[in-house]
Amino acid sequence: MTPQDVSKLIVRTSMKDRGAFDALYRQTSAKLFGVCLRVLGNRAEAEEALQEVYVKIWNKADRFAISDLSPITWLVAVARNHAIDRVRARRGAAVGIEAALDLADPAPGPEAAAVAAGESERIHQCLDELDRDRAAAVRGAYLKGESYAELAQRHRVPLNTMRTWLRRSLMKLRECLER
């Protein structure tokens with residue numbers, strides 16, 4: 001189909017000729033679908049956008065005659081602009097810089113950092129009161145994330161013994177921290 005034929009279909013569509021609109025759809029929908037798909041990157045969304053594009057073409061076909069564009073360029077521009085509008089709508093509205101003033105800093109404040117440092121020091125002092133092997137097992141399990149099986153193998157004790165070490169060591173740590 002030549003550009004002149006497409007132009008005639010658009011002009012007839014502007015006069016609400018359903019047959020011309022149907023022919024225009026059959027001749028141009030594959031190309032406009034490709035434009036929507038390229039911009040949106042999602043087949044289902046591109047199909048939905050294509051339907052909306054043809055509603056726009058039906059309603060705004062009279063504007064084609066005013067433009068100096070070739071018919072395919074005009075149709076592609078309608079499809080592309082609509083797809084870009086959908087991408088922008090996905091992103092949501094931009095928030096003003098003033099909104100950043102209400103955001104809390106996730107880092108602990110000076111008081112919380114001082115308390116945490118004091119607690120950390122107390123925990124390390126209490127760990128030092130444990131037997132060397134038991135303290136190493138507690139550090140491995142709760143600070144390094146090692147499994148009970150890994151710790152039992154490293155310390156050459158049965159798995160249940162390792163569980164007992166850790167349970168008893170935690171009880172001693174609690175007693176020490178409560179003093």
# chains A, B, ... in the order shown; residues from 1 in each chain; ligands from 1
>>> residues_around(residues="Ala30 of chain A", least_positions_apart="2", cutoff="12 Å", atoms="only C-alpha atoms", output="ChimeraX atom specification")
/A:24-28,32-37,46-47,50,75-76,79
>>> write_last_selection(atoms="C-alpha atoms", output="CSV table (one decimal), in the first residue's frame")
chain,number,residue,atom,x,y,z
A,24,LEU,CA,-6.2,1.3,7.9
A,25,TYR,CA,-5.9,-1.1,10.9
A,26,ARG,CA,-5.2,-4.1,8.8
A,27,GLN,CA,-2.5,-2.3,6.8
A,28,THR,CA,-0.7,-0.5,9.7
A,32,LEU,CA,2.5,0.3,15.1
A,33,PHE,CA,2.5,-2.8,17.3
A,34,GLY,CA,6.2,-3.0,16.7
A,35,VAL,CA,6.7,0.6,17.8
A,36,CYS,CA,4.6,0.0,21.0
A,37,LEU,CA,6.5,-3.2,21.8
A,46,ALA,CA,2.0,-3.2,23.8
A,47,GLU,CA,-1.2,-4.9,22.7
A,50,LEU,CA,-2.1,-0.5,20.4
A,75,LEU,CA,0.7,7.1,12.7
A,76,VAL,CA,4.1,6.1,14.2
A,79,ALA,CA,1.9,5.3,18.6
>>> closest_residue(among="A:Pro106, A:Pro158, A:Gly145, A:Pro3", to="Pro71 of chain A", atoms="only C-alpha atoms")
A:Pro3
>>> atom_distance(atom1="atom CA of Ala135 of chain A", atom2="atom CA of Glu111 of chain A")
28.8 Å
>>> closest_atom_pairs(of="segment 102-147 of chain A", to="segment 165-178 of chain A", cutoff="8 Å", atoms="only C-alpha atoms", output="Markdown table")
| residue | atom | partner | partner_atom | distance |
| --- | --- | --- | --- | --- |
| A:Arg122 | CA | A:Leu177 | CA | 7.0 |
| A:Ile123 | CA | A:Leu177 | CA | 7.1 |
| A:Cys126 | CA | A:Cys176 | CA | 5.9 |
| A:Leu127 | CA | A:Leu173 | CA | 6.9 |
| A:Leu130 | CA | A:Ser169 | CA | 7.2 |
| A:Arg134 | CA | A:Trp165 | CA | 6.3 |
| A:Ala135 | CA | A:Ser169 | CA | 7.6 |
| A:Ala137 | CA | A:Leu166 | CA | 7.0 |
| A:Val138 | CA | A:Leu166 | CA | 6.1 |
>>> write_last_selection(atoms="all heavy atoms", output="short mmCIF file (atom, residue, chain, number, x, y, z; two decimals), in the first residue's frame")
data_model
loop_
_atom_site.label_atom_id
_atom_site.label_comp_id
_atom_site.auth_asym_id
_atom_site.auth_seq_id
_atom_site.Cartn_x
_atom_site.Cartn_y
_atom_site.Cartn_z
N ARG A 122 30.80 -4.92 76.33
CA ARG A 122 30.35 -5.82 77.40
C ARG A 122 30.23 -7.25 76.89
O ARG A 122 30.63 -8.19 77.58
CB ARG A 122 28.98 -5.37 77.93
CG ARG A 122 29.09 -4.15 78.82
CD ARG A 122 27.79 -3.79 79.50
NE ARG A 122 27.27 -4.90 80.29
CZ ARG A 122 25.98 -5.19 80.43
NH1 ARG A 122 25.08 -4.48 79.82
NH2 ARG A 122 25.59 -6.21 81.18
N ILE A 123 29.71 -7.44 75.69
CA ILE A 123 29.56 -8.78 75.13
C ILE A 123 30.93 -9.43 74.94
O ILE A 123 31.14 -10.59 75.29
CB ILE A 123 28.78 -8.74 73.80
CG1 ILE A 123 27.32 -8.39 74.07
CG2 ILE A 123 28.89 -10.06 73.04
CD1 ILE A 123 26.50 -8.10 72.83
N CYS A 126 32.32 -10.51 78.24
CA CYS A 126 31.66 -11.73 78.73
C CYS A 126 32.12 -12.94 77.92
O CYS A 126 32.27 -14.04 78.46
CB CYS A 126 30.14 -11.58 78.65
SG CYS A 126 29.47 -10.43 79.88
N LEU A 127 32.35 -12.76 76.62
CA LEU A 127 32.86 -13.87 75.80
C LEU A 127 34.25 -14.28 76.28
O LEU A 127 34.60 -15.46 76.25
CB LEU A 127 32.92 -13.47 74.32
CG LEU A 127 31.62 -13.58 73.52
CD1 LEU A 127 31.77 -12.93 72.15
CD2 LEU A 127 31.21 -15.04 73.37
N LEU A 130 34.38 -16.97 78.95
CA LEU A 130 34.10 -18.36 78.58
C LEU A 130 35.41 -19.09 78.26
O LEU A 130 36.44 -18.46 78.00
CB LEU A 130 33.20 -18.41 77.34
CG LEU A 130 31.80 -17.82 77.44
CD1 LEU A 130 31.12 -17.86 76.08
CD2 LEU A 130 30.98 -18.60 78.47
N ARG A 134 34.78 -22.67 73.70
CA ARG A 134 33.35 -22.30 73.71
C ARG A 134 33.14 -20.89 73.18
O ARG A 134 32.19 -20.63 72.44
CB ARG A 134 32.77 -22.46 75.10
CG ARG A 134 32.33 -23.89 75.34
CD ARG A 134 32.86 -24.47 76.52
NE ARG A 134 32.50 -25.82 76.84
CZ ARG A 134 33.36 -26.80 76.82
NH1 ARG A 134 34.58 -26.60 76.35
NH2 ARG A 134 33.03 -27.99 77.24
N ALA A 135 34.01 -19.98 73.53
CA ALA A 135 33.92 -18.61 73.02
C ALA A 135 34.10 -18.60 71.51
O ALA A 135 33.38 -17.89 70.78
CB ALA A 135 34.96 -17.72 73.70
N ALA A 137 33.37 -21.04 69.49
CA ALA A 137 32.16 -21.64 68.91
C ALA A 137 31.02 -20.62 68.87
O ALA A 137 30.31 -20.51 67.87
CB ALA A 137 31.75 -22.88 69.70
N VAL A 138 30.86 -19.85 69.95
CA VAL A 138 29.80 -18.82 69.98
C VAL A 138 30.07 -17.77 68.91
O VAL A 138 29.17 -17.37 68.18
CB VAL A 138 29.70 -18.19 71.39
CG1 VAL A 138 28.82 -16.95 71.37
CG2 VAL A 138 29.18 -19.21 72.38
#
>>> select_by_dssp(residues="chain A", states="alpha helix (DSSP H)", output="number ranges by chain")
A: 3-14, 18-40, 43-60, 71-91, 110-129, 132-142, 148-155, 159-178
>>> residues_around(residues="Met15 of chain A", least_positions_apart="5", cutoff="12 Å", atoms="only C-alpha atoms", output="ChimeraX atom specification")
/A:8-10,20-21,57-63,65
>>> atom_distance(atom1="atom CA of Gly140 of chain A", atom2="atom CA of His124 of chain A")
13.5 Å
>>> atom_distance(atom1="atom CA of Ala112 of chain A", atom2="atom CA of Tyr142 of chain A")
21.6 Å
